[in-house]
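Following: one structure in structure tokens, then a few remarks.
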Amino acid sequence: GAGVSQTPSNKVTEKGKYVELRCDPISGHTALYWYRQSLGQGPEFLIYFQGTGAADDSGLPNDRFFAVRPEGSVSTLKIQRTERGDSAVYLCASSSGSGNTIYFGEGSWLTVV
Amino acid sequence: QKEVEQNSGPLSVPEGAIASLNCTYSDRGSQSFFWYRQYSGKSPELIMFIYSNGDKEDGRFTAQLNKASQYVSLLIRDSQPSDSATYLCAVQTGANNLFFGTGTRLTVIP
């Protein structure tokens with residue numbers, strides 16, 4: 001596609017449930033980033049992939065959060081045993097490499113009730 | 001997290017004035033610096049990037065970088081009501097990771 005695509009755009013789930021958020025980066029982009037943004041805050045770094053591997057996962061808040069990018073393209077962010085505090089917009093971004101522009105998707109709005 | 005700090009604002013300027021947005025960062029190894037604009041309910045969109053010390057101009061926008069002071073700023077000349085948004089400073093480290101500040105909310109008053 002022309003831009004970074006994220007699905008679902010909106011997700012409401014019950015506390016304790018499992019959630020998967022998908023990101024399809026711009027074709028050919030090797031770098032992929034996940035961020036979480038709460039109301040009134042800047043994007044909080046979660047994890048960064050270079051190709052298939054996680055180059056930096058230091059932003060994942062705890063072991064309930066996990067992300068994969070098995071073929072170096074699409075990535076899935078997985079959240080287990082969701083909590084109300086996980087409610088936020090989850091933003092995915094991609095770029096073609098170091099120093100190049102990073103483009104954002106429209107985000108997945110997660111609400112845990 | 002690499003620390004990137006911005007004044008959260010809100011910053012209010014009259015239409016036609018210059019808006020000045022500031023950002024400091026803690027990682028001296030940072031190499032690239034970006035300003036993103038984010039409208040309410042939308043994702044960030046890139047306005048400008050700067051890699052070298054000094055000024056970089058693009059239309060009504062000027063980015064300024066001082067690596068010795070670990071300081072980057074964005075000037076918006078002839079501010080318009082449509083410039084009202086949150087402006088996010090982002091810093092890219094040598095490892096190609098990208099960290100954001102909390103953003104400064106700008107309101108341009110007609």
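Residues in the structure tokens are numbered from 1 in each chain, the chains being A, B, ... in the order shown, and ligands are numbered from 1 in the order shown.
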Margin query: To test your reading of the structure, identify every residue in chain B that backbone DSSP assigns to strand (DSSP E or B), and report it as an MDAnalysis selection string.
Written below: chainID B and resid 4:6 11:14 19:25 32:38 45:50 54:58 61:66 71:76 85:92 98:100 104:109
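Near chain A, counting only C-alpha atoms at 8 Å, the chain B residues are Gln1, Ser32, Lys42, Ser43, Pro44, Glu45, Leu46, Leu88, Gln92, Asn96, Asn97, Leu98, Phe99, Phe100, Gly101, Thr102 and Gly103 of chain B.
Residue nearest B:Ser82 within the list B:Asn7, B:Ser40, B:Gln64, B:Thr107: B:Thr107 [criterion: smallest interatomic distance, only C-alpha atoms].
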Next item on the list: Just give me the gap between atom CA of B:Ser69 and atom CA of B:Glu3 in Å, one decimal is fine.
Entry: 14.4 Å
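Counting only C-alpha atoms and comparing B:Val4, B:Ser84, B:Ala95, B:Leu11, the residue that lies closest to B:Tyr71 is B:Val4.
From atom CA of A:Ser87 back to atom CA of A:Thr111, the distance works out to 4.6 Å.
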So which residues touch B:Gly29 within 7 Å, counting only C-alpha atoms, skipping near sequence neighbours fewer than 2 positions away, as an mmCIF file with N, CA, C and O atoms, in the first residue's frame?
data_model
loop_
_atom_site.group_PDB
_atom_site.id
_atom_site.type_symbol
_atom_site.label_atom_id
_atom_site.label_comp_id
_atom_site.auth_asym_id
_atom_site.auth_seq_id
_atom_site.Cartn_x
_atom_site.Cartn_y
_atom_site.Cartn_z
ATOM 1 N N ASP B 27 20.772 12.592 25.104
ATOM 2 C CA ASP B 27 21.736 11.663 24.521
ATOM 3 C C ASP B 27 22.645 12.375 23.526
ATOM 4 O O ASP B 27 22.216 12.730 22.427
ATOM 5 N N GLN B 31 21.694 11.754 16.469
ATOM 6 C CA GLN B 31 22.213 12.181 15.184
ATOM 7 C C GLN B 31 21.206 12.943 14.327
ATOM 8 O O GLN B 31 21.585 13.760 13.504
ATOM 9 N N THR B 93 18.572 8.212 17.673
ATOM 10 C CA THR B 93 19.872 7.857 18.227
ATOM 11 C C THR B 93 20.752 7.208 17.157
ATOM 12 O O THR B 93 20.303 6.913 16.046
ATOM 13 N N GLY B 94 21.987 6.977 17.515
ATOM 14 C CA GLY B 94 22.902 6.319 16.596
ATOM 15 C C GLY B 94 22.451 4.912 16.217
ATOM 16 O O GLY B 94 22.813 4.400 15.168
#
Check: So which residues touch stretch 61-75 of chain A within 10 Å, counting only C-alpha atoms, skipping near sequence neighbours fewer than 4 positions away, as number ranges by chain?
Finding: A: 5-6, 18-34, 45-54, 57, 79-83, 86, 92, 94
Preceding selection exported with N, CA, C and O atoms as a compact mmCIF listing (two decimals), in the first residue's frame:
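Generated file (part12.txt):
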# COMPACT_ATOMS: atom_id res chain seq x y z
N SER A 5 -0.23 0.87 7.19
CA SER A 5 -1.61 0.47 7.45
C SER A 5 -1.71 -0.27 8.78
O SER A 5 -0.92 -1.19 9.04
N GLN A 6 -2.66 0.13 9.60
CA GLN A 6 -2.83 -0.51 10.90
C GLN A 6 -4.27 -1.01 11.04
O GLN A 6 -5.21 -0.32 10.67
N TYR A 18 -7.10 -11.14 25.50
CA TYR A 18 -5.91 -11.07 24.64
C TYR A 18 -6.22 -10.23 23.40
O TYR A 18 -7.31 -10.36 22.82
N VAL A 19 -5.27 -9.40 22.99
CA VAL A 19 -5.47 -8.52 21.84
C VAL A 19 -4.27 -8.59 20.91
O VAL A 19 -3.12 -8.67 21.37
N GLU A 20 -4.54 -8.56 19.61
CA GLU A 20 -3.48 -8.46 18.60
C GLU A 20 -3.74 -7.23 17.74
O GLU A 20 -4.86 -7.00 17.27
N LEU A 21 -2.69 -6.45 17.54
CA LEU A 21 -2.76 -5.27 16.68
C LEU A 21 -1.77 -5.47 15.54
O LEU A 21 -0.62 -5.84 15.77
N ARG A 22 -2.22 -5.19 14.34
CA ARG A 22 -1.41 -5.48 13.16
C ARG A 22 -0.91 -4.21 12.50
O ARG A 22 -1.62 -3.21 12.45
N CYS A 23 0.31 -4.28 11.98
CA CYS A 23 0.90 -3.16 11.25
C CYS A 23 1.50 -3.66 9.94
O CYS A 23 2.32 -4.59 9.94
N ASP A 24 1.10 -3.02 8.85
CA ASP A 24 1.64 -3.34 7.53
C ASP A 24 2.44 -2.11 7.07
O ASP A 24 1.85 -1.09 6.72
N PRO A 25 3.76 -2.18 7.09
CA PRO A 25 4.57 -0.99 6.79
C PRO A 25 4.57 -0.66 5.30
O PRO A 25 4.06 -1.42 4.48
N ILE A 26 5.16 0.46 4.98
CA ILE A 26 5.37 0.83 3.58
C ILE A 26 6.28 -0.21 2.94
O ILE A 26 7.29 -0.62 3.54
N SER A 27 5.92 -0.62 1.74
CA SER A 27 6.67 -1.66 1.04
C SER A 27 8.15 -1.30 0.95
O SER A 27 8.51 -0.20 0.53
N GLY A 28 9.00 -2.24 1.34
CA GLY A 28 10.44 -2.03 1.25
C GLY A 28 11.06 -1.41 2.48
O GLY A 28 12.29 -1.36 2.60
N HIS A 29 10.26 -0.94 3.41
CA HIS A 29 10.81 -0.34 4.63
C HIS A 29 11.31 -1.43 5.56
O HIS A 29 10.57 -2.32 5.95
N THR A 30 12.58 -1.30 5.95
CA THR A 30 13.18 -2.33 6.79
C THR A 30 13.00 -2.05 8.28
O THR A 30 13.00 -2.97 9.09
N ALA A 31 12.85 -0.81 8.62
CA ALA A 31 12.69 -0.44 10.04
C ALA A 31 11.22 -0.26 10.37
O ALA A 31 10.48 0.36 9.61
N LEU A 32 10.82 -0.83 11.51
CA LEU A 32 9.42 -0.72 11.96
C LEU A 32 9.41 -0.43 13.45
O LEU A 32 10.15 -1.05 14.22
N TYR A 33 8.57 0.51 13.83
CA TYR A 33 8.50 0.97 15.22
C TYR A 33 7.07 0.84 15.74
O TYR A 33 6.12 1.11 15.02
N TRP A 34 6.95 0.51 17.01
CA TRP A 34 5.67 0.57 17.72
C TRP A 34 5.79 1.59 18.86
O TRP A 34 6.77 1.60 19.61
N PHE A 45 7.86 5.08 23.23
CA PHE A 45 8.50 4.00 22.48
C PHE A 45 8.24 2.65 23.13
O PHE A 45 8.34 2.48 24.34
N LEU A 46 7.89 1.66 22.31
CA LEU A 46 7.71 0.29 22.78
C LEU A 46 8.80 -0.63 22.24
O LEU A 46 9.54 -1.26 23.01
N ILE A 47 8.90 -0.73 20.90
CA ILE A 47 9.82 -1.68 20.31
C ILE A 47 10.17 -1.23 18.90
O ILE A 47 9.36 -0.58 18.23
N TYR A 48 11.38 -1.59 18.47
CA TYR A 48 11.87 -1.22 17.15
C TYR A 48 12.44 -2.46 16.49
O TYR A 48 13.26 -3.17 17.08
N PHE A 49 11.99 -2.74 15.26
CA PHE A 49 12.50 -3.86 14.47
C PHE A 49 13.38 -3.34 13.35
O PHE A 49 13.05 -2.35 12.69
N GLN A 50 14.46 -4.04 13.11
CA GLN A 50 15.24 -3.85 11.90
C GLN A 50 15.20 -5.21 11.18
O GLN A 50 15.82 -6.17 11.61
N GLY A 51 14.44 -5.26 10.10
CA GLY A 51 14.21 -6.56 9.46
C GLY A 51 13.31 -7.42 10.33
O GLY A 51 12.29 -6.96 10.85
N THR A 52 13.70 -8.65 10.54
CA THR A 52 12.87 -9.58 11.32
C THR A 52 13.14 -9.49 12.81
O THR A 52 12.32 -9.93 13.62
N GLY A 53 14.27 -8.94 13.18
CA GLY A 53 14.66 -8.97 14.59
C GLY A 53 14.35 -7.69 15.33
O GLY A 53 14.37 -6.61 14.77
N ALA A 54 14.08 -7.84 16.62
CA ALA A 54 13.85 -6.68 17.47
C ALA A 54 15.19 -6.06 17.84
O ALA A 54 15.95 -6.63 18.62
N ASP A 57 13.87 -3.65 22.30
CA ASP A 57 12.54 -3.89 22.88
C ASP A 57 12.46 -3.34 24.30
O ASP A 57 11.60 -3.77 25.09
N ILE A 79 -0.93 -8.27 23.14
CA ILE A 79 -1.08 -7.88 24.54
C ILE A 79 -1.92 -8.94 25.25
O ILE A 79 -3.07 -9.19 24.88
N GLN A 80 -1.32 -9.55 26.25
CA GLN A 80 -2.02 -10.59 27.02
C GLN A 80 -2.63 -9.98 28.28
O GLN A 80 -2.14 -8.97 28.80
N ARG A 81 -3.72 -10.60 28.75
CA ARG A 81 -4.34 -10.22 30.03
C ARG A 81 -4.47 -8.71 30.13
O ARG A 81 -3.94 -8.06 31.04
N THR A 82 -5.16 -8.12 29.16
CA THR A 82 -5.24 -6.67 29.08
C THR A 82 -5.76 -6.06 30.38
O THR A 82 -6.60 -6.64 31.08
N GLU A 83 -5.25 -4.86 30.64
CA GLU A 83 -5.66 -4.08 31.81
C GLU A 83 -6.20 -2.73 31.33
O GLU A 83 -5.89 -2.29 30.22
N ASP A 86 -3.95 -0.21 29.81
CA ASP A 86 -3.42 -0.43 28.46
C ASP A 86 -4.18 0.38 27.42
O ASP A 86 -3.76 0.46 26.26
N CYS A 92 2.07 2.65 14.82
CA CYS A 92 3.14 1.95 14.13
C CYS A 92 3.76 2.91 13.13
O CYS A 92 3.06 3.76 12.55
N SER A 94 7.20 3.28 10.07
CA SER A 94 8.25 2.57 9.35
C SER A 94 9.15 3.56 8.62
O SER A 94 8.77 4.70 8.36
Notebook entry, point to check: What's the 9 Å shell around A:Val112, counting only C-alpha atoms, without same-chain residues fewer than 3 positions away, as a PyMOL selection string?
Noted result: chain A and resi 11-17+82-88
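Atom pair atom CA of B:Ser20 / atom CA of B:Ala68: separated by 19.8 Å.
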Check: Excluding same-chain residues fewer than 4 positions from B:Ser79, what lies within 10 Å of it counting only C-alpha atoms, as a list in words?
Finding: Val13, Pro14, Glu15, Gly16, Ala17, Ile18, Ala19, Arg60, Phe61, Leu75, Asp83, Ser84, Thr107, Val108, Ile109 and Pro110 of chain B
Notebook entry, point to check: Which polymer residues have any atom within 12 Å of an atom of B:Leu74, counting only C-alpha atoms, with same-chain residues fewer than 2 positions away left out, as a ChimeraX atom specification?
Noted result: /B:6,18-24,33-37,47-50,54-58,60-65,71-72,76-77,87-90,104,106
